[in-house]
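model-v2.txt (compact mmCIF, C-alpha atoms)
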# COMPACT_ATOMS: atom_id res chain seq x y z
CA MET A 1 65.37 10.78 -135.44
CA ARG A 2 67.94 13.57 -135.21
CA HIS A 3 70.88 14.29 -132.94
CA PHE A 4 72.55 17.63 -132.10
CA LEU A 5 76.22 16.72 -131.65
CA GLN A 6 77.73 19.60 -133.62
CA PHE A 7 76.28 22.92 -134.72
CA ARG A 8 76.46 21.88 -138.37
CA ASP A 9 74.20 18.88 -137.71
CA PHE A 10 71.34 21.28 -138.45
CA SER A 11 70.75 23.37 -141.56
CA ALA A 12 70.55 27.16 -141.57
CA ASP A 13 66.79 26.83 -141.99
CA GLU A 14 66.56 24.60 -138.92
CA ILE A 15 68.66 26.99 -136.85
CA GLY A 16 66.37 29.80 -138.01
CA HIS A 17 63.37 27.78 -136.84
CA LEU A 18 64.99 27.26 -133.42
CA ILE A 19 65.67 30.99 -133.11
CA LYS A 20 62.00 31.74 -133.80
CA ARG A 21 60.81 29.07 -131.38
CA THR A 22 63.19 30.30 -128.68
CA ARG A 23 61.62 33.75 -128.91
CA VAL A 24 58.08 32.32 -128.66
CA ILE A 25 58.94 29.99 -125.78
CA LYS A 26 60.79 32.72 -123.88
CA GLU A 27 57.91 35.19 -124.28
CA ARG A 28 55.48 32.61 -122.90
CA PHE A 29 57.77 31.97 -119.97
CA LYS A 30 58.13 35.68 -119.20
CA ASN A 31 54.35 36.13 -119.33
CA TYR A 32 53.65 33.12 -117.07
CA VAL A 33 51.88 31.26 -119.88
CA ALA A 34 52.22 27.53 -119.27
CA TYR A 35 53.52 25.56 -122.25
CA GLN A 36 53.96 21.84 -121.61
CA PRO A 37 54.12 19.85 -124.86
CA LEU A 38 56.49 17.24 -123.40
CA VAL A 39 54.26 15.78 -120.70
CA ASP A 40 55.42 12.25 -119.76
CA ARG A 41 58.70 12.67 -121.67
CA MET A 42 61.93 11.84 -119.85
CA LEU A 43 65.36 13.46 -120.29
CA ALA A 44 68.50 11.62 -119.14
CA MET A 45 71.47 13.88 -118.40
CA VAL A 46 74.85 12.14 -118.39
CA PHE A 47 77.71 14.10 -116.81
CA GLU A 48 81.39 13.27 -117.02
CA LYS A 49 82.31 16.97 -116.69
CA SER A 50 81.00 19.13 -113.86
CA SER A 51 78.32 21.69 -114.67
CA THR A 52 76.24 24.56 -113.35
CA ARG A 53 74.45 26.21 -116.29
CA THR A 54 74.08 23.04 -118.36
CA ARG A 55 72.43 21.04 -115.59
CA VAL A 56 70.15 23.82 -114.34
CA SER A 57 69.05 24.90 -117.82
CA PHE A 58 68.27 21.40 -119.07
CA GLU A 59 66.62 20.21 -115.86
CA ALA A 60 64.52 23.35 -115.43
CA GLY A 61 63.74 23.44 -119.14
CA MET A 62 62.44 19.88 -119.29
CA PHE A 63 60.31 20.49 -116.20
CA GLN A 64 58.87 23.67 -117.68
CA LEU A 65 57.95 21.77 -120.85
CA GLY A 66 56.01 19.26 -118.75
CA GLY A 67 58.57 16.46 -118.69
CA ALA A 68 60.99 15.08 -116.14
CA SER A 69 64.72 14.45 -115.98
CA ILE A 70 67.20 12.12 -114.36
CA VAL A 71 70.89 12.84 -113.67
CA LEU A 72 73.54 10.20 -114.30
CA ASN A 73 77.03 11.09 -113.11
CA MET A 74 79.76 8.89 -114.57
CA GLY A 75 80.98 7.89 -111.11
CA ASP A 76 77.50 6.75 -110.11
CA THR A 77 76.95 4.47 -113.10
CA GLN A 78 78.54 1.37 -114.61
CA LEU A 79 80.28 3.70 -117.08
CA GLY A 80 82.64 4.50 -114.25
CA ARG A 81 83.41 0.79 -113.91
CA GLY A 82 84.19 0.20 -117.55
CA GLU A 83 80.82 -0.70 -119.13
CA PRO A 84 81.06 0.05 -122.88
CA ILE A 85 79.37 3.30 -123.88
CA GLU A 86 77.58 1.42 -126.65
CA ASP A 87 75.89 -0.89 -124.13
CA VAL A 88 74.86 2.03 -121.94
CA ALA A 89 73.33 3.74 -124.97
CA ARG A 90 71.36 0.66 -125.92
CA VAL A 91 69.88 0.37 -122.42
CA VAL A 92 69.33 4.01 -121.44
CA SER A 93 67.71 4.91 -124.76
CA ARG A 94 65.05 2.22 -124.17
CA MET A 95 64.04 3.91 -120.92
CA VAL A 96 64.04 7.64 -121.73
CA ASP A 97 62.96 9.86 -124.62
CA ILE A 98 66.02 12.08 -125.07
CA VAL A 99 69.61 12.19 -123.76
CA MET A 100 72.01 15.04 -123.05
CA ILE A 101 75.68 14.20 -122.52
CA ARG A 102 78.44 16.46 -121.16
CA THR A 103 81.76 14.70 -121.55
CA PHE A 104 85.35 14.95 -122.76
CA GLU A 105 86.07 13.47 -126.20
CA GLN A 106 83.59 14.04 -129.02
CA SER A 107 84.02 10.38 -129.96
CA ILE A 108 82.25 9.35 -126.73
CA ILE A 109 79.05 11.17 -127.60
CA GLU A 110 79.23 10.01 -131.21
CA ARG A 111 79.53 6.38 -130.11
CA PHE A 112 76.59 6.83 -127.76
CA ALA A 113 74.44 8.43 -130.48
CA ALA A 114 75.29 5.67 -132.96
CA HIS A 115 73.65 3.12 -130.65
CA SER A 116 70.84 5.27 -129.23
CA ARG A 117 67.17 4.86 -130.09
CA VAL A 118 66.41 8.45 -129.02
CA PRO A 119 67.84 11.91 -129.85
CA VAL A 120 71.17 12.80 -128.25
CA ILE A 121 72.29 16.36 -127.44
CA ASN A 122 75.87 17.49 -126.95
CA GLY A 123 75.93 19.40 -123.66
CA LEU A 124 79.67 20.03 -124.13
CA THR A 125 82.72 18.10 -125.33
CA ASN A 126 86.36 19.06 -125.71
CA GLU A 127 85.70 19.76 -129.38
CA TYR A 128 82.27 21.43 -129.53
CA HIS A 129 79.67 23.30 -127.47
CA PRO A 130 76.68 23.68 -129.84
CA CYS A 131 74.00 24.47 -127.24
CA GLN A 132 75.99 27.43 -125.96
CA VAL A 133 76.54 28.92 -129.41
CA LEU A 134 72.87 28.38 -130.26
CA ALA A 135 71.97 30.46 -127.17
CA ASP A 136 74.65 33.02 -128.02
CA ILE A 137 73.32 33.53 -131.53
CA TYR A 138 69.79 33.87 -130.21
CA THR A 139 71.06 36.47 -127.74
CA PHE A 140 72.68 38.45 -130.55
CA VAL A 141 69.49 38.28 -132.64
CA GLU A 142 67.44 39.33 -129.62
CA HIS A 143 69.57 42.45 -129.10
CA ARG A 144 70.78 43.35 -132.60
CA GLY A 145 68.74 41.46 -135.21
CA PRO A 146 70.03 38.96 -137.82
CA ILE A 147 73.64 37.86 -137.49
CA ALA A 148 74.20 37.23 -141.22
CA GLY A 149 76.79 39.60 -142.60
CA LYS A 150 78.05 40.62 -139.15
CA THR A 151 81.52 40.15 -137.65
CA VAL A 152 82.20 38.16 -134.49
CA ALA A 153 85.62 38.48 -132.83
CA TRP A 154 86.82 35.45 -130.90
CA ILE A 155 89.64 36.39 -128.53
CA GLY A 156 91.59 33.65 -126.77
CA ASP A 157 91.94 29.89 -126.83
CA SER A 158 90.85 28.12 -130.01
CA ASN A 159 88.75 25.70 -127.96
CA ASN A 160 85.35 24.02 -128.32
CA MET A 161 83.57 27.37 -128.36
CA CYS A 162 85.83 28.71 -131.11
CA ASN A 163 85.32 25.54 -133.16
CA THR A 164 81.56 25.85 -132.82
CA TRP A 165 81.54 29.56 -133.68
CA LEU A 166 83.39 28.67 -136.88
CA GLN A 167 80.73 26.12 -137.83
CA ALA A 168 78.05 28.71 -137.12
CA ALA A 169 79.82 31.36 -139.24
CA THR A 170 79.96 29.14 -142.31
CA LEU A 171 76.37 27.96 -141.83
CA LEU A 172 74.76 31.32 -141.07
CA ASP A 173 76.97 33.48 -143.30
CA PHE A 174 78.79 35.80 -140.91
CA LYS A 175 82.51 36.43 -140.40
CA LEU A 176 84.57 35.11 -137.51
CA ASN A 177 87.79 36.91 -136.55
CA VAL A 178 89.97 34.63 -134.42
CA SER A 179 92.95 35.81 -132.40
CA SER A 180 94.85 33.34 -130.22
CA PRO A 181 98.36 33.27 -128.72
CA GLN A 182 101.10 31.39 -130.52
CA GLY A 183 100.73 27.70 -129.81
CA TYR A 184 97.00 27.95 -129.13
CA GLU A 185 95.81 28.81 -132.65
CA LEU A 186 92.92 27.28 -134.51
CA GLU A 187 93.80 23.83 -135.85
CA PRO A 188 94.49 24.16 -139.61
CA ALA A 189 92.17 21.25 -140.42
CA ARG A 190 89.20 23.14 -138.98
CA ALA A 191 89.85 26.09 -141.30
CA THR A 192 90.25 23.96 -144.42
CA GLY A 193 87.87 25.11 -147.12
CA VAL A 194 86.62 28.07 -145.10
CA GLY A 195 86.78 31.30 -147.08
CA ARG A 196 88.02 34.67 -145.84
CA ASN A 197 84.45 35.97 -145.86
CA HIS A 198 83.75 33.55 -142.98
CA LEU A 199 87.12 33.35 -141.18
CA GLU A 200 90.15 35.58 -140.67
CA LEU A 201 93.04 34.83 -138.31
CA PHE A 202 94.89 37.53 -136.36
CA SER A 203 97.97 37.48 -134.15
CA ASP A 204 96.93 40.84 -132.66
CA PRO A 205 93.69 40.66 -130.64
CA MET A 206 93.08 44.40 -131.07
CA ALA A 207 93.08 43.94 -134.84
CA ALA A 208 90.62 41.06 -134.52
CA ALA A 209 88.24 43.17 -132.42
CA ARG A 210 88.42 46.20 -134.71
CA GLY A 211 85.00 46.84 -136.26
CA ALA A 212 83.42 43.72 -134.75
CA ASP A 213 79.70 43.56 -133.95
CA LEU A 214 80.30 41.03 -131.17
CA VAL A 215 83.39 40.31 -129.06
CA THR A 216 83.43 37.02 -127.20
CA THR A 217 85.90 34.96 -125.22
CA ASP A 218 86.25 32.09 -122.75
CA VAL A 219 88.45 31.08 -119.85
CA TRP A 220 92.13 30.64 -120.61
CA THR A 221 92.19 27.16 -119.07
CA SER A 222 89.27 24.87 -119.86
CA MET A 223 88.33 21.76 -117.90
CA GLY A 224 90.89 19.03 -118.42
CA TRP A 225 93.81 21.42 -118.97
CA GLU A 226 94.34 22.56 -115.38
CA GLU A 227 97.97 21.41 -115.34
CA GLU A 228 98.70 24.03 -118.02
CA ALA A 229 97.12 26.92 -116.08
CA GLY A 230 100.39 28.66 -115.27
CA ALA A 231 101.79 28.48 -118.79
CA ARG A 232 98.47 29.55 -120.26
CA LYS A 233 98.22 32.57 -117.97
CA ASP A 234 101.58 33.78 -119.29
CA ALA A 235 100.74 33.05 -122.93
CA PHE A 236 97.33 34.76 -122.81
CA ALA A 237 98.41 37.86 -120.83
CA ALA A 238 97.86 40.19 -123.83
CA PHE A 239 94.48 38.66 -124.69
CA THR A 240 92.30 40.17 -121.96
CA VAL A 241 89.13 41.72 -123.36
CA ASP A 242 89.19 45.14 -121.72
CA ALA A 243 87.65 48.53 -122.34
CA GLU A 244 90.34 49.46 -124.86
CA MET A 245 89.63 46.35 -126.90
CA MET A 246 85.87 46.92 -126.81
CA ALA A 247 86.48 50.50 -127.95
CA ALA A 248 88.12 49.07 -131.08
CA ALA A 249 84.91 47.23 -131.92
CA ARG A 250 81.82 48.93 -133.27
CA LYS A 251 80.18 51.40 -130.92
CA GLU A 252 77.11 49.15 -130.56
CA ALA A 253 79.15 45.95 -130.21
CA LEU A 254 78.10 43.37 -127.64
CA PHE A 255 80.30 41.35 -125.31
CA MET A 256 79.62 37.68 -124.54
CA HIS A 257 81.21 35.01 -122.37
CA CYS A 258 79.84 31.49 -121.84
CA LEU A 259 80.80 31.61 -118.11
CA PRO A 260 82.19 31.00 -115.59
CA ALA A 261 84.39 34.08 -116.02
CA HIS A 262 87.59 35.14 -114.31
CA ARG A 263 87.57 38.91 -113.96
CA GLY A 264 91.02 40.30 -114.58
CA GLU A 265 92.10 37.37 -116.75
CA GLU A 266 90.25 36.74 -120.03
CA VAL A 267 87.95 39.74 -119.40
CA SER A 268 88.15 42.83 -117.23
CA ALA A 269 85.49 43.46 -114.61
CA GLU A 270 84.74 46.75 -116.37
CA VAL A 271 83.69 44.89 -119.53
CA LEU A 272 82.00 41.87 -117.95
CA ASP A 273 79.83 44.06 -115.75
CA GLY A 274 79.58 46.92 -118.20
CA PRO A 275 76.80 48.17 -120.51
CA GLN A 276 77.97 46.24 -123.59
CA SER A 277 77.92 42.92 -121.74
CA VAL A 278 74.95 40.61 -122.31
CA VAL A 279 76.38 37.63 -120.44
CA TRP A 280 73.44 37.29 -118.05
CA ASP A 281 70.91 37.32 -120.90
CA GLU A 282 73.19 34.87 -122.68
CA ALA A 283 73.21 32.53 -119.68
CA GLU A 284 69.41 32.68 -119.28
CA ASN A 285 68.92 32.03 -122.97
CA ARG A 286 70.52 28.61 -122.60
CA LEU A 287 67.26 27.67 -120.87
CA HIS A 288 64.97 28.88 -123.64
CA ALA A 289 67.12 27.83 -126.61
CA GLN A 290 67.43 24.30 -125.22
CA LYS A 291 63.68 24.10 -124.69
CA ALA A 292 63.24 24.95 -128.36
CA LEU A 293 65.87 22.34 -129.23
CA MET A 294 64.21 19.56 -127.21
CA GLU A 295 60.81 20.49 -128.64
CA TYR A 296 62.21 20.19 -132.16
CA LEU A 297 64.04 16.91 -131.57
CA LEU A 298 60.99 15.26 -130.00
CA LEU A 299 58.08 16.87 -131.85
CA GLY A 300 59.52 18.22 -135.09
CA ARG A 301 58.50 21.66 -136.32
CA VAL A 302 55.94 23.30 -134.07
CA GLU A 303 54.53 26.60 -135.32
CA THR A 304 51.96 27.47 -132.65
Kindly return the structure encoded in the file as structure tokens.
Amino acid sequence: MRHFLQFRDFSADEIGHLIKRTRVIKERFKNYVAYQPLVDRMLAMVFEKSSTRTRVSFEAGMFQLGGASIVLNMGDTQLGRGEPIEDVARVVSRMVDIVMIRTFEQSIIERFAAHSRVPVINGLTNEYHPCQVLADIYTFVEHRGPIAGKTVAWIGDSNNMCNTWLQAATLLDFKLNVSSPQGYELEPARATGVGRNHLELFSDPMAAARGADLVTTDVWTSMGWEEEAGARKDAFAAFTVDAEMMAAARKEALFMHCLPAHRGEEVSAEVLDGPQSVVWDEAENRLHAQKALMEYLLLGRVET
């Protein structure tokens, strides 16, 4: 049994397999070819954080694979009344085949997985967002080919997406340029042991974007940090990904954003809705990448 709690939980070979399976599964979907290997399998989705793309992509994906899903919001369960997460894991994992959790602290999902009898997927925590980066990398491969040896520029908050991109860079052998405002930089512990060929830090976002094959960002204020919104807006004012910044990247560079986006803040409308943006493909690919992920966790390697 395997879990997907961080991007580095899988090997480069396993990520490569998921990329290949995502392409196959997506092509079948686009050609209206039914593929339902998970008939009679049940997915439980546990939400402590609100969601649009995560819920729709997992629920639709499980249905398309022939299975079913059930939604458990924290306020609707005994978790909201103080039942230990370990006890919930022991019970829920006896009734379903796979669990996706979207919550705050990474420790919550790790405690759940430690007592689960079925695979557990991280749908988002404060520290990591592996499903999103899996879909992002597939999107890059779909548009530009292998990501190994390329340069990805992360502009903005060193949040869960940034942390996950760093894991992906070291695993898949590409370089991550990170530029964040003072006080919002990447935690030193996360960069420990990471060589310059995989990570370079910049105070100037234009320098980070220069020559990049992909420029990506996220909202300035993530869920749970709303009280800091005003201070963050001031601190991040020079970190908007706009046309000038994209012009510093390679001519064929792509722009990505995990959404929801705030036009005029972390990204200009001109970039988000422009020709270099692949955000809508990126959002759709959550569906197909997660189908490949659930297939792998429940059935192992499928080659057909």
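Every protein or nucleic acid residue with an atom no more than 7 Å from stretch 245-253 of chain A, counting only C-alpha atoms and leaving out same-chain residues fewer than 4 positions away, appears here: A:Met206, A:Ala209, A:Arg210, A:Gly211, A:Ala212, A:Asp213, A:Leu214, A:Val241, A:Gln276.
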Within-12 Å shell of (59.2, 20.6, -128.7) in input frame, all atoms listed in the file, as a short mmCIF file (atom, residue, chain, number, x, y, z; two decimals) with C-alpha atoms, in the coordinates of the input:
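For reference, out08.cif as written:
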data_model
loop_
_atom_site.label_atom_id
_atom_site.label_comp_id
_atom_site.auth_asym_id
_atom_site.auth_seq_id
_atom_site.Cartn_x
_atom_site.Cartn_y
_atom_site.Cartn_z
CA HIS A 17 63.37 27.78 -136.84
CA LEU A 18 64.99 27.26 -133.42
CA ARG A 21 60.81 29.07 -131.38
CA THR A 22 63.19 30.30 -128.68
CA VAL A 24 58.08 32.32 -128.66
CA ILE A 25 58.94 29.99 -125.78
CA TYR A 35 53.52 25.56 -122.25
CA GLN A 36 53.96 21.84 -121.61
CA PRO A 37 54.12 19.85 -124.86
CA LEU A 38 56.49 17.24 -123.40
CA VAL A 39 54.26 15.78 -120.70
CA ARG A 41 58.70 12.67 -121.67
CA GLY A 61 63.74 23.44 -119.14
CA MET A 62 62.44 19.88 -119.29
CA GLN A 64 58.87 23.67 -117.68
CA LEU A 65 57.95 21.77 -120.85
CA GLY A 66 56.01 19.26 -118.75
CA GLY A 67 58.57 16.46 -118.69
CA ILE A 98 66.02 12.08 -125.07
CA HIS A 288 64.97 28.88 -123.64
CA ALA A 289 67.12 27.83 -126.61
CA GLN A 290 67.43 24.30 -125.22
CA LYS A 291 63.68 24.10 -124.69
CA ALA A 292 63.24 24.95 -128.36
CA LEU A 293 65.87 22.34 -129.23
CA MET A 294 64.21 19.56 -127.21
CA GLU A 295 60.81 20.49 -128.64
CA TYR A 296 62.21 20.19 -132.16
CA LEU A 297 64.04 16.91 -131.57
CA LEU A 298 60.99 15.26 -130.00
CA LEU A 299 58.08 16.87 -131.85
CA GLY A 300 59.52 18.22 -135.09
CA ARG A 301 58.50 21.66 -136.32
CA VAL A 302 55.94 23.30 -134.07
CA GLU A 303 54.53 26.60 -135.32
CA THR A 304 51.96 27.47 -132.65
#
- Query: Of the candidates A:Glu185, A:Glu48, A:Asp87, A:Asp13, which shows the shortest atom-to-atom distance to A:Ala113, using only C-alpha atoms?
  - Reply: A:Asp87
Quick one: residues within 7 Å of A:Leu72, only C-alpha atoms counted, chain neighbours fewer than 3 positions away excluded, as an mmCIF file with C-alpha atoms, keeping the file's coordinate frame?
data_model
loop_
_atom_site.group_PDB
_atom_site.id
_atom_site.type_symbol
_atom_site.label_atom_id
_atom_site.label_comp_id
_atom_site.auth_asym_id
_atom_site.auth_seq_id
_atom_site.Cartn_x
_atom_site.Cartn_y
_atom_site.Cartn_z
ATOM 1 C CA MET A 45 71.470 13.880 -118.400
ATOM 2 C CA VAL A 46 74.850 12.140 -118.390
ATOM 3 C CA PHE A 47 77.710 14.100 -116.810
ATOM 4 C CA ASP A 76 77.500 6.750 -110.110
ATOM 5 C CA THR A 77 76.950 4.470 -113.100
#
Near-A:Thr216 list (9 Å; all atoms listed in the file; drop same-chain fewer than 5 positions) as a CSV table (one decimal) with C-alpha atoms, keeping the file's coordinate frame:
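selection_0.csv was written with the following content:
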chain,number,residue,atom,x,y,z
A,152,VAL,CA,82.2,38.2,-134.5
A,153,ALA,CA,85.6,38.5,-132.8
A,154,TRP,CA,86.8,35.4,-130.9
A,155,ILE,CA,89.6,36.4,-128.5
A,156,GLY,CA,91.6,33.6,-126.8
A,241,VAL,CA,89.1,41.7,-123.4
A,254,LEU,CA,78.1,43.4,-127.6
A,255,PHE,CA,80.3,41.4,-125.3
A,256,MET,CA,79.6,37.7,-124.5
A,257,HIS,CA,81.2,35.0,-122.4
A,258,CYS,CA,79.8,31.5,-121.8
Name all residues at most 10 Å from A:Ile137 (count all atoms listed in the file; drop same-chain ones fewer than 6 positions away) and give them as an mmCIF file with C-alpha atoms, keeping the file's coordinate frame.
data_model
loop_
_atom_site.group_PDB
_atom_site.id
_atom_site.type_symbol
_atom_site.label_atom_id
_atom_site.label_comp_id
_atom_site.auth_asym_id
_atom_site.auth_seq_id
_atom_site.Cartn_x
_atom_site.Cartn_y
_atom_site.Cartn_z
ATOM 1 C CA ILE A 15 68.660 26.990 -136.850
ATOM 2 C CA ILE A 19 65.670 30.990 -133.110
ATOM 3 C CA HIS A 143 69.570 42.450 -129.100
ATOM 4 C CA GLY A 145 68.740 41.460 -135.210
ATOM 5 C CA PRO A 146 70.030 38.960 -137.820
ATOM 6 C CA ILE A 147 73.640 37.860 -137.490
ATOM 7 C CA TRP A 165 81.540 29.560 -133.680
ATOM 8 C CA ALA A 168 78.050 28.710 -137.120
ATOM 9 C CA LEU A 172 74.760 31.320 -141.070
ATOM 10 C CA GLU A 282 73.190 34.870 -122.680
ATOM 11 C CA ASN A 285 68.920 32.030 -122.970
ATOM 12 C CA ALA A 289 67.120 27.830 -126.610
#
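As for atom CA of A:Leu176 and atom CA of A:Arg23, they are spaced 24.5 Å apart.
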